[in-house]
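S.K.: A single structure is presented below for examination.
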Amino acid sequence: MATQRNQRNFGVPGCGYAAARRLRLCGAGLALAALVGWLGFTTGEAAGRLEAQEQSTWSGVYTSAQASRGEEVYHSSCSVCHGDDLSGGEMGPGLAGNSFISFWDGLSLGDLYNVMSVSMPQDNPGSLDTAQYVDVIAYMLQESEFPTGDGELSEGALGDVAIQAEAQ
Ligand code: HEC
């Protein structure tokens, strides 16, 4: 299973999914790597990441109304492969819970959005509106039991929100 995951390539230009996982260099990650190098951290990846991404999935970055909208989109476009409760099935992997979140740990919601918007739904990639993809992310966060907040998640904020398996 793990090997299969590592071999996935979602076709994000210049930002191979497996490569992003391996190197954590993708978009803002490049600037971040420069920053980390400049600061002279040898083991400072986490510190550098926090400076670039002040928010995490624990910060209350979406609302429950947004997650409800995302749930509707999910059930019309995604659940056939990823399961009614996001736990996955024969046609696709799970999209919530520990194994999903630890797989994405340290990447941003922007990275998740990039993969989803380019390659999903697999039978009609890129067919949703930006707002619909963002709402589905809100629903996925809710189902992984991350807290809600006062404001909705917006496309512009995605890259600033780190996916973290553990609250810090
Ligand atoms: C026709 C089946 C199908 C549909 C519909 C579908 N997916 Fe997928 N999805 C897959 C498969 C299969 C994978 C495994 C990765 C790959 O090989 O592309 C995947 C992978 C993913 C991943 C990466 C999961 C990980 O951790 O590796 C995300 C996120 C995702 N899908 C989100 C969505 C969303 C959101 C929708 C609805 C808008 C959707 N998918 C609709 C089949 C589907």
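Residue numbering restarts at 1 for every chain of the structure tokens, chains are lettered A, B, ... in their displayed order, and ligands are numbered from 1 as they appear.
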What does the list of residues within 9 Å of ligand 1 look like if you count only C-alpha atoms and all ligand atoms, written as JSON, numbers by chain?

M.R.: {"A": [4, 5, 6, 7, 8, 9, 10, 73, 74, 75, 76, 77, 78, 79, 80, 81, 82, 88, 90, 91, 92, 93, 94, 95, 96, 99, 100, 101, 103, 104, 112, 113, 115, 116, 117, 119, 120, 121, 122, 123, 124, 125, 126, 127, 128, 132, 133, 136, 137, 140]}

S.K.: Give the strand (DSSP E or B) residues of range 40-135 of chain A, as assigned by DSSP on the backbone, as an MDAnalysis selection string.

M.R.: chainID A and resid 55:56 89 92 108

S.K.: Could the residues in this selection be written to a file with C-alpha atoms, as a short mmCIF file (atom, residue, chain, number, x, y, z; two decimals), in the first residue's frame?

M.R.:
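Once written, again_19.cif looks like this:
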```
data_model
loop_
_atom_site.label_atom_id
_atom_site.label_comp_id
_atom_site.auth_asym_id
_atom_site.auth_seq_id
_atom_site.Cartn_x
_atom_site.Cartn_y
_atom_site.Cartn_z
CA GLN A 55 -2.06 28.83 10.84
CA SER A 56 -2.68 25.14 11.01
CA GLY A 89 -13.19 1.82 -0.66
CA GLY A 92 -10.25 5.28 -3.85
CA SER A 108 -0.45 22.74 3.40
#
```

S.K.: Within range 46-122 of chain A, find each residue whose DSSP state, derived from the backbone, is helix (DSSP H, G or I), and express the selection as a ChimeraX atom specification.

M.R.: /A:46-52,64-77,79-82,98-104,109-119

S.K.: Hey, which bits of range 50-128 of chain A sit within 12 Å of range 153-157 of chain A, and for each residue what's the closest pair of atoms and how far apart in Å (one decimal), counting only C-alpha atoms, rows by chain and increasing number, as a Markdown table?

M.R.:
```
| residue | atom | partner | partner_atom | distance |
| --- | --- | --- | --- | --- |
| A:Gln53 | CA | A:Ala157 | CA | 9.9 |
| A:Glu54 | CA | A:Ala157 | CA | 10.8 |
| A:Gln55 | CA | A:Ala157 | CA | 9.3 |
| A:Ser56 | CA | A:Ala157 | CA | 10.8 |
| A:Thr57 | CA | A:Leu153 | CA | 10.6 |
| A:Ser59 | CA | A:Leu153 | CA | 11.2 |
| A:Gly60 | CA | A:Leu153 | CA | 9.2 |
| A:Val61 | CA | A:Leu153 | CA | 5.6 |
| A:Tyr62 | CA | A:Leu153 | CA | 4.7 |
| A:Thr63 | CA | A:Leu153 | CA | 7.6 |
| A:Ser64 | CA | A:Leu153 | CA | 10.7 |
| A:Ala65 | CA | A:Leu153 | CA | 11.0 |
| A:Gln66 | CA | A:Leu153 | CA | 8.0 |
| A:Ala67 | CA | A:Leu153 | CA | 9.8 |
| A:Gly70 | CA | A:Leu153 | CA | 11.4 |
| A:Ser108 | CA | A:Ala157 | CA | 10.0 |
| A:Leu109 | CA | A:Ala157 | CA | 8.6 |
| A:Gly110 | CA | A:Ala157 | CA | 8.0 |
| A:Asp111 | CA | A:Glu155 | CA | 11.7 |
| A:Leu112 | CA | A:Glu155 | CA | 11.7 |
| A:Tyr113 | CA | A:Glu155 | CA | 8.8 |
| A:Asn114 | CA | A:Glu155 | CA | 10.8 |
| A:Ser117 | CA | A:Glu155 | CA | 11.6 |
```

S.K.: For the selection just defined, write its residues with N, CA and C atoms to a file, as a PDB file, in the first residue's frame.

M.R.:
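Saved as out-v3.pdb:
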```
ATOM      1  N   GLN A  53       3.901  29.510   7.727  1.00  0.00           N
ATOM      2  CA  GLN A  53       2.508  29.113   7.879  1.00  0.00           C
ATOM      3  C   GLN A  53       2.113  29.308   9.326  1.00  0.00           C
ATOM      4  N   GLU A  54       1.484  30.452   9.599  1.00  0.00           N
ATOM      5  CA  GLU A  54       1.158  30.745  10.982  1.00  0.00           C
ATOM      6  C   GLU A  54      -0.077  29.995  11.440  1.00  0.00           C
ATOM      7  N   GLN A  55      -0.853  29.534  10.465  1.00  0.00           N
ATOM      8  CA  GLN A  55      -2.064  28.826  10.838  1.00  0.00           C
ATOM      9  C   GLN A  55      -1.903  27.338  10.564  1.00  0.00           C
ATOM     10  N   SER A  56      -2.640  26.561  11.303  1.00  0.00           N
ATOM     11  CA  SER A  56      -2.676  25.136  11.012  1.00  0.00           C
ATOM     12  C   SER A  56      -4.133  24.694  10.986  1.00  0.00           C
ATOM     13  N   THR A  57      -4.322  23.428  10.660  1.00  0.00           N
ATOM     14  CA  THR A  57      -5.679  22.877  10.625  1.00  0.00           C
ATOM     15  C   THR A  57      -6.322  22.890  12.018  1.00  0.00           C
ATOM     16  N   SER A  59      -6.353  25.654  13.848  1.00  0.00           N
ATOM     17  CA  SER A  59      -6.630  27.058  14.179  1.00  0.00           C
ATOM     18  C   SER A  59      -8.089  27.472  13.997  1.00  0.00           C
ATOM     19  N   GLY A  60      -8.958  26.571  13.570  1.00  0.00           N
ATOM     20  CA  GLY A  60     -10.349  26.955  13.306  1.00  0.00           C
ATOM     21  C   GLY A  60     -10.453  27.726  12.001  1.00  0.00           C
ATOM     22  N   VAL A  61     -10.131  27.069  10.897  1.00  0.00           N
ATOM     23  CA  VAL A  61      -9.991  27.781   9.622  1.00  0.00           C
ATOM     24  C   VAL A  61     -11.208  27.652   8.702  1.00  0.00           C
ATOM     25  N   TYR A  62     -12.281  27.016   9.169  1.00  0.00           N
ATOM     26  CA  TYR A  62     -13.479  26.856   8.329  1.00  0.00           C
ATOM     27  C   TYR A  62     -14.701  26.920   9.244  1.00  0.00           C
ATOM     28  N   THR A  63     -15.890  27.053   8.626  1.00  0.00           N
ATOM     29  CA  THR A  63     -17.123  27.068   9.430  1.00  0.00           C
ATOM     30  C   THR A  63     -17.932  25.795   9.164  1.00  0.00           C
ATOM     31  N   SER A  64     -18.860  25.505  10.077  1.00  0.00           N
ATOM     32  CA  SER A  64     -19.658  24.299   9.868  1.00  0.00           C
ATOM     33  C   SER A  64     -20.624  24.475   8.697  1.00  0.00           C
ATOM     34  N   ALA A  65     -21.072  25.735   8.441  1.00  0.00           N
ATOM     35  CA  ALA A  65     -21.939  25.958   7.270  1.00  0.00           C
ATOM     36  C   ALA A  65     -21.189  25.621   5.984  1.00  0.00           C
ATOM     37  N   GLN A  66     -19.902  25.992   5.950  1.00  0.00           N
ATOM     38  CA  GLN A  66     -19.077  25.690   4.778  1.00  0.00           C
ATOM     39  C   GLN A  66     -18.895  24.171   4.634  1.00  0.00           C
ATOM     40  N   ALA A  67     -18.667  23.506   5.743  1.00  0.00           N
ATOM     41  CA  ALA A  67     -18.503  22.049   5.686  1.00  0.00           C
ATOM     42  C   ALA A  67     -19.781  21.375   5.187  1.00  0.00           C
ATOM     43  N   GLY A  70     -19.835  21.672   1.560  1.00  0.00           N
ATOM     44  CA  GLY A  70     -18.848  20.731   1.022  1.00  0.00           C
ATOM     45  C   GLY A  70     -19.352  19.298   1.054  1.00  0.00           C
ATOM     46  N   SER A 108       0.581  21.734   3.130  1.00  0.00           N
ATOM     47  CA  SER A 108      -0.449  22.744   3.405  1.00  0.00           C
ATOM     48  C   SER A 108      -1.768  22.359   2.739  1.00  0.00           C
ATOM     49  N   LEU A 109      -2.827  23.068   3.129  1.00  0.00           N
ATOM     50  CA  LEU A 109      -4.117  22.869   2.455  1.00  0.00           C
ATOM     51  C   LEU A 109      -4.009  23.270   0.990  1.00  0.00           C
ATOM     52  N   GLY A 110      -3.078  24.190   0.678  1.00  0.00           N
ATOM     53  CA  GLY A 110      -2.845  24.555  -0.717  1.00  0.00           C
ATOM     54  C   GLY A 110      -2.327  23.370  -1.528  1.00  0.00           C
ATOM     55  N   ASP A 111      -1.441  22.583  -0.910  1.00  0.00           N
ATOM     56  CA  ASP A 111      -0.931  21.381  -1.601  1.00  0.00           C
ATOM     57  C   ASP A 111      -2.073  20.401  -1.852  1.00  0.00           C
ATOM     58  N   LEU A 112      -2.916  20.240  -0.845  1.00  0.00           N
ATOM     59  CA  LEU A 112      -4.060  19.329  -0.988  1.00  0.00           C
ATOM     60  C   LEU A 112      -5.001  19.835  -2.091  1.00  0.00           C
ATOM     61  N   TYR A 113      -5.261  21.140  -2.062  1.00  0.00           N
ATOM     62  CA  TYR A 113      -6.121  21.743  -3.092  1.00  0.00           C
ATOM     63  C   TYR A 113      -5.544  21.507  -4.484  1.00  0.00           C
ATOM     64  N   ASN A 114      -4.221  21.721  -4.639  1.00  0.00           N
ATOM     65  CA  ASN A 114      -3.601  21.559  -5.955  1.00  0.00           C
ATOM     66  C   ASN A 114      -3.817  20.143  -6.495  1.00  0.00           C
ATOM     67  N   SER A 117      -7.686  19.677  -7.246  1.00  0.00           N
ATOM     68  CA  SER A 117      -8.270  20.453  -8.341  1.00  0.00           C
ATOM     69  C   SER A 117      -7.732  20.014  -9.703  1.00  0.00           C
TER      70      SER A 117
END
```

S.K.: Could you tell me which of A:Asp129, A:Asp105, A:Asp135, A:Glu145 comes closest to Ala162 in chain A if we count only C-alpha atoms?

M.R.: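 Distance minimum relative to Ala162 in chain A lands on A:Asp105.
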
S.K.: Between CA of Gly149 in chain A and CA of Ser68 in chain A, measure the distance and give it in Å to one decimal.

M.R.: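 These two atoms are separated by 14.0 Å.
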
S.K.: At what distance in Å, to one decimal, does CA of Ala167 in chain A lie from CA of Val134 in chain A?

M.R.: 21.9 Å

S.K.: What does the structure give for the distance between CA of Thr130 in chain A and CA of Gln168 in chain A, in Å to one decimal?

M.R.: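 For CA of Thr130 in chain A relative to CA of Gln168 in chain A, the distance reads 29.3 Å.
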